[in-house]
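Remarks on the structure that follows.
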Number of protein chains: 2
Amino acid sequence: MAKREPPRPTNAELEILRVLWQRGRSTVREIHESLRRAEPVGYTTVLKLLQIMTEKRLVTRDVSARSHVYTAATSQATMLRRMISDLARRAFGGSTVSLVLHALATTPVTSRELDRIRGLLDEKKGGKA
Amino acid sequence: MAKREPPRPTNAELEILRVLWQRGRSTVREIHESLRRAEPVGYTTVLKLLQIMTEKRLVTRDVSARSHVYTAATSQATMLRRMISDLARRAFGGSTVSLVLHALATTPVTSRELDRIRGLLDEKKGGKA
DNA sequence: TTGACTGTACGAAAGCCTTCGTATATTGTT
DNA sequence: AACAATATACGAAGGCTTTCGTACAGTCAA
């Protein structure tokens with residue numbers, strides 16, 4: 001019934017997803033040109049990755065034109081949530097909230113950032129279940 | 001001069017690190033027995049991983065006894081901080097704080113957890129630079 | 001001393017990730 | 001029509017991760 005959710009993206013896949021999240025629907029050529037990496041990567045490498053990502057359902061592909069058009073199958077927010085929860089589980093068997101606490105506890109945070117976080121917390125309190 | 005910091009641990013390595021963080025100094029046998037995985041893993045697999053992790057400087061090894069004794073080279077808190085910052089950079093080129101905001105924004109959080117986070121923020125405000 | 005037990009070392013297989021080269025088809029220009 | 005440019009498909013190499021089998025050394029009890 002329910003569609004299987006796609007696997008966590010690998011590093012190279014993540015770089016492509018970032019381009020798609022930023023640009024929206026893109027062709028291989030557009031993605032290839034947007035990818036400015038320390039180590040440049042060949043056109044067919046990007047193509048191959050996109051073919052694999054299509055199989056894994058990380059992206060969807062519109063084949064109606066000669067140049068296929070790719071779209072990220074999962075929104076950036078959803079994928080981030082998934083990856084964070086994945087990290088929390090793998091790294092210490094904990095919840096996302098625990099991970100947030102760990103991260104905050106040992107990271108320098110400016111007052112401005114503190115305020116932003118507080119603001120977010122207040123919103124959540126308002127809308128909580 | 002400065003020691004190179006060890007690389008991010010792979011999945012199997014992370015499972016071993018979690019045992020070491022929990023138990024402290026341990027022999028291969030102790031680690032092997034503590035690792036209760038869905039798929040059980042052989043003794044020599046754990047041994048081999050620890051040898052590799054020693055090379056990578058993820059663990060240190062005390063060879064003075066016949067059964068070598070291993071210790072995590074990096075504290076859990078430090079490693080978590082590293083992995084979180086790594087994820088933030090890889091997944092959206094952002095800071096740890098941005099990642100925290102993303103995570104909080106889309107994750108259900110209980111009132112009790114909200115209070116814990118607020119408490120932590122207050123402490124940070126007190127001790128901030 | 002001999003044999004069972006427990007330990008480390010290490011080679012190698014299997015699988016995945018990433019990369020690219022090459023084959024082939026389509027489009028557009030002269 | 002012929003050629004250059006541009007597209008997809010795909011095989012395969014090289015590297016890393018994970019797994020285990022096997023070899024070999026030290027320990028201990030009978």
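Every chain in the structure tokens has a letter given in the order shown (A, B, ...), and although residue numbers restart at 1 in each chain, ligands are simply numbered from 1 in the order shown.
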Using only C-alpha atoms (C1' of nucleotides), find each residue of chain D with at least one atom at most 9 Å away from an atom of chain B; report its shortest atom-to-atom pair and that distance in Å (one decimal), sort the rows by chain and rising residue number, and return the result as JSON lines.
```
{"residue": "D:DT17", "atom": "C1'", "partner": "B:Thr10", "partner_atom": "CA", "distance": 8.0}
{"residue": "D:DT18", "atom": "C1'", "partner": "B:Ala12", "partner_atom": "CA", "distance": 7.8}
{"residue": "D:DT19", "atom": "C1'", "partner": "B:Thr45", "partner_atom": "CA", "distance": 6.3}
{"residue": "D:DC20", "atom": "C1'", "partner": "B:Thr45", "partner_atom": "CA", "distance": 6.8}
{"residue": "D:DG26", "atom": "C1'", "partner": "B:Arg66", "partner_atom": "CA", "distance": 8.2}
```
Prev. selection, N, CA and C atoms (P, O5', C5', C4', C3', O3' and C1' of nucleotides), output as an mmCIF file, in the first residue's frame:
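In the end it all went to again.cif:
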```
data_model
loop_
_atom_site.group_PDB
_atom_site.id
_atom_site.type_symbol
_atom_site.label_atom_id
_atom_site.label_comp_id
_atom_site.auth_asym_id
_atom_site.auth_seq_id
_atom_site.Cartn_x
_atom_site.Cartn_y
_atom_site.Cartn_z
ATOM 1 P P DT D 17 35.969 3.200 4.649
ATOM 2 O "O5'" DT D 17 34.903 2.026 4.786
ATOM 3 C "C5'" DT D 17 33.648 2.176 4.164
ATOM 4 C "C4'" DT D 17 32.774 0.968 4.434
ATOM 5 C "C3'" DT D 17 32.852 0.364 5.833
ATOM 6 O "O3'" DT D 17 31.526 0.133 6.258
ATOM 7 C "C1'" DT D 17 33.301 -1.308 4.199
ATOM 8 P P DT D 18 31.170 -0.317 7.732
ATOM 9 O "O5'" DT D 18 31.137 -1.899 7.638
ATOM 10 C "C5'" DT D 18 30.123 -2.492 6.854
ATOM 11 C "C4'" DT D 18 30.403 -3.952 6.706
ATOM 12 C "C3'" DT D 18 30.669 -4.706 8.013
ATOM 13 O "O3'" DT D 18 29.555 -5.550 8.232
ATOM 14 C "C1'" DT D 18 32.123 -5.397 6.256
ATOM 15 P P DT D 19 29.459 -6.474 9.537
ATOM 16 O "O5'" DT D 19 30.002 -7.872 9.021
ATOM 17 C "C5'" DT D 19 29.453 -8.466 7.861
ATOM 18 C "C4'" DT D 19 30.341 -9.581 7.377
ATOM 19 C "C3'" DT D 19 30.872 -10.498 8.468
ATOM 20 O "O3'" DT D 19 30.028 -11.632 8.593
ATOM 21 C "C1'" DT D 19 32.522 -10.024 6.794
ATOM 22 P P DC D 20 30.183 -12.626 9.825
ATOM 23 O "O5'" DC D 20 31.353 -13.576 9.325
ATOM 24 C "C5'" DC D 20 31.218 -14.199 8.058
ATOM 25 C "C4'" DC D 20 32.556 -14.749 7.626
ATOM 26 C "C3'" DC D 20 33.156 -15.767 8.596
ATOM 27 O "O3'" DC D 20 33.147 -17.026 7.953
ATOM 28 C "C1'" DC D 20 34.785 -14.243 7.749
ATOM 29 P P DG D 26 54.509 -16.975 21.338
ATOM 30 O "O5'" DG D 26 53.433 -17.036 22.507
ATOM 31 C "C5'" DG D 26 52.689 -15.857 22.800
ATOM 32 C "C4'" DG D 26 51.587 -16.208 23.758
ATOM 33 C "C3'" DG D 26 52.041 -16.814 25.085
ATOM 34 O "O3'" DG D 26 51.249 -16.192 26.092
ATOM 35 C "C1'" DG D 26 50.484 -18.246 24.072
#
```
Neighbour list for His102 (chain A) as a ChimeraX atom specification, cut-off 8 Å, only C-alpha atoms (C1' of nucleotides), skip fewer than 2 positions in-chain: /A:98-100,104-106 /B:77,80-81
Restricting it to N, CA and C atoms, dump the selection as a PDB file, in the first residue's frame.
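So the final result, stored in out38.pdb, reads:
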```pdb
ATOM      1  N   SER A  98      17.055  14.521  21.980  1.00  0.00           N
ATOM      2  CA  SER A  98      18.311  14.301  22.696  1.00  0.00           C
ATOM      3  C   SER A  98      19.476  14.838  21.887  1.00  0.00           C
ATOM      4  N   LEU A  99      19.414  14.578  20.580  1.00  0.00           N
ATOM      5  CA  LEU A  99      20.500  15.047  19.735  1.00  0.00           C
ATOM      6  C   LEU A  99      20.589  16.564  19.751  1.00  0.00           C
ATOM      7  N   VAL A 100      19.460  17.202  19.725  1.00  0.00           N
ATOM      8  CA  VAL A 100      19.450  18.659  19.781  1.00  0.00           C
ATOM      9  C   VAL A 100      20.090  19.132  21.080  1.00  0.00           C
ATOM     10  N   LEU A 104      23.353  21.445  21.260  1.00  0.00           N
ATOM     11  CA  LEU A 104      23.329  22.766  21.870  1.00  0.00           C
ATOM     12  C   LEU A 104      24.308  22.856  23.031  1.00  0.00           C
ATOM     13  N   ALA A 105      24.412  21.766  23.765  1.00  0.00           N
ATOM     14  CA  ALA A 105      25.214  21.809  24.984  1.00  0.00           C
ATOM     15  C   ALA A 105      26.673  22.118  24.688  1.00  0.00           C
ATOM     16  N   THR A 106      27.171  21.654  23.548  1.00  0.00           N
ATOM     17  CA  THR A 106      28.605  21.750  23.321  1.00  0.00           C
ATOM     18  C   THR A 106      28.967  22.668  22.166  1.00  0.00           C
TER      19      THR A 106
ATOM     20  N   ALA B  77      30.668  12.963  23.399  1.00  0.00           N
ATOM     21  CA  ALA B  77      30.185  14.326  23.167  1.00  0.00           C
ATOM     22  C   ALA B  77      30.917  14.972  21.996  1.00  0.00           C
ATOM     23  N   LEU B  80      29.879  13.339  18.722  1.00  0.00           N
ATOM     24  CA  LEU B  80      28.540  13.772  18.336  1.00  0.00           C
ATOM     25  C   LEU B  80      28.580  15.162  17.727  1.00  0.00           C
ATOM     26  N   ARG B  81      29.296  16.045  18.380  1.00  0.00           N
ATOM     27  CA  ARG B  81      29.390  17.410  17.869  1.00  0.00           C
ATOM     28  C   ARG B  81      29.941  17.400  16.451  1.00  0.00           C
TER      29      ARG B  81
END
```
Residues of chain C no more than 12 Å from chain A, counting only C-alpha atoms (C1' of nucleotides): send them over as a PyMOL selection string. chain C and resi 16-22+25-27
Dump as an mmCIF file, in the first residue's frame, selection limited to N, CA and C atoms (P, O5', C5', C4', C3', O3' and C1' of nucleotides):
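Contents of result-v6.cif, as written:
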```
data_model
loop_
_atom_site.group_PDB
_atom_site.id
_atom_site.type_symbol
_atom_site.label_atom_id
_atom_site.label_comp_id
_atom_site.auth_asym_id
_atom_site.auth_seq_id
_atom_site.Cartn_x
_atom_site.Cartn_y
_atom_site.Cartn_z
ATOM 1 P P DC C 16 24.842 -4.384 -2.635
ATOM 2 O "O5'" DC C 16 25.367 -2.897 -2.373
ATOM 3 C "C5'" DC C 16 25.523 -2.437 -1.048
ATOM 4 C "C4'" DC C 16 26.425 -1.236 -1.075
ATOM 5 C "C3'" DC C 16 25.965 -0.153 -2.050
ATOM 6 O "O3'" DC C 16 26.024 1.086 -1.357
ATOM 7 C "C1'" DC C 16 28.228 -0.683 -2.456
ATOM 8 P P DC C 17 25.334 2.361 -2.019
ATOM 9 O "O5'" DC C 17 26.612 3.228 -2.418
ATOM 10 C "C5'" DC C 17 27.588 3.496 -1.445
ATOM 11 C "C4'" DC C 17 28.701 4.317 -2.046
ATOM 12 C "C3'" DC C 17 28.262 5.463 -2.951
ATOM 13 O "O3'" DC C 17 29.027 6.594 -2.572
ATOM 14 C "C1'" DC C 17 29.767 4.030 -4.115
ATOM 15 P P DT C 18 28.676 8.048 -3.196
ATOM 16 O "O5'" DT C 18 29.651 8.114 -4.447
ATOM 17 C "C5'" DT C 18 31.032 8.161 -4.200
ATOM 18 C "C4'" DT C 18 31.786 8.025 -5.490
ATOM 19 C "C3'" DT C 18 31.350 9.014 -6.590
ATOM 20 O "O3'" DT C 18 32.421 9.942 -6.739
ATOM 21 C "C1'" DT C 18 31.775 6.825 -7.435
ATOM 22 P P DT C 19 32.278 11.156 -7.794
ATOM 23 O "O5'" DT C 19 33.031 10.566 -9.059
ATOM 24 C "C5'" DT C 19 34.310 9.991 -8.907
ATOM 25 C "C4'" DT C 19 34.673 9.220 -10.155
ATOM 26 C "C3'" DT C 19 34.311 9.922 -11.460
ATOM 27 O "O3'" DT C 19 35.435 10.611 -11.963
ATOM 28 C "C1'" DT C 19 33.867 7.564 -11.529
ATOM 29 P P DC C 20 35.300 11.625 -13.178
ATOM 30 O "O5'" DC C 20 35.374 10.653 -14.429
ATOM 31 C "C5'" DC C 20 36.460 9.734 -14.496
ATOM 32 C "C4'" DC C 20 36.174 8.687 -15.534
ATOM 33 C "C3'" DC C 20 35.890 9.262 -16.924
ATOM 34 O "O3'" DC C 20 36.935 8.829 -17.768
ATOM 35 C "C1'" DC C 20 34.399 7.485 -16.344
ATOM 36 P P DG C 21 37.137 9.465 -19.219
ATOM 37 O "O5'" DG C 21 36.936 8.166 -20.119
ATOM 38 C "C5'" DG C 21 37.546 6.932 -19.714
ATOM 39 C "C4'" DG C 21 37.050 5.793 -20.585
ATOM 40 C "C3'" DG C 21 36.912 6.169 -22.062
ATOM 41 O "O3'" DG C 21 37.252 5.041 -22.866
ATOM 42 C "C1'" DG C 21 34.777 5.594 -21.189
ATOM 43 P P DT C 22 37.400 5.238 -24.447
ATOM 44 O "O5'" DT C 22 36.084 4.493 -24.973
ATOM 45 C "C5'" DT C 22 35.751 3.235 -24.403
ATOM 46 C "C4'" DT C 22 34.380 2.822 -24.874
ATOM 47 C "C3'" DT C 22 34.067 3.165 -26.332
ATOM 48 O "O3'" DT C 22 33.453 2.040 -26.919
ATOM 49 C "C1'" DT C 22 32.363 3.973 -24.942
ATOM 50 P P DA C 25 21.424 2.901 -32.304
ATOM 51 O "O5'" DA C 25 20.635 4.220 -31.890
ATOM 52 C "C5'" DA C 25 19.873 4.216 -30.689
ATOM 53 C "C4'" DA C 25 19.377 5.626 -30.416
ATOM 54 C "C3'" DA C 25 18.691 6.284 -31.613
ATOM 55 O "O3'" DA C 25 17.508 6.910 -31.141
ATOM 56 C "C1'" DA C 25 20.448 7.664 -30.830
ATOM 57 P P DT C 26 16.456 7.521 -32.165
ATOM 58 O "O5'" DT C 26 16.607 9.100 -31.999
ATOM 59 C "C5'" DT C 26 16.525 9.651 -30.684
ATOM 60 C "C4'" DT C 26 16.971 11.072 -30.736
ATOM 61 C "C3'" DT C 26 16.312 11.923 -31.824
ATOM 62 O "O3'" DT C 26 15.762 13.048 -31.183
ATOM 63 C "C1'" DT C 26 18.646 12.248 -31.836
ATOM 64 P P DT C 27 14.754 14.049 -31.960
ATOM 65 O "O5'" DT C 27 15.665 15.325 -32.232
ATOM 66 C "C5'" DT C 27 16.321 15.934 -31.121
ATOM 67 C "C4'" DT C 27 17.334 16.930 -31.628
ATOM 68 C "C3'" DT C 27 16.810 17.875 -32.709
ATOM 69 O "O3'" DT C 27 16.930 19.193 -32.213
ATOM 70 C "C1'" DT C 27 18.944 17.008 -33.278
#
```
Going by DSSP on the backbone, which residues of chain B come out as helix (DSSP H, G or I)? List them as number ranges by chain. B: 11-23, 28-34, 43-55, 76-92, 96-106, 111-127
Please measure the separation of CA of Thr60 (chain A) and CA of Ala73 (chain A), giving the value in Å to one decimal.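 Pair CA of Thr60 (chain A) / CA of Ala73 (chain A) returns 5.8 Å.
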Interatomic distance between CA of Thr96 (chain A) and CA of Thr110 (chain B)?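 That distance, rounded to one decimal, is 12.0 Å.
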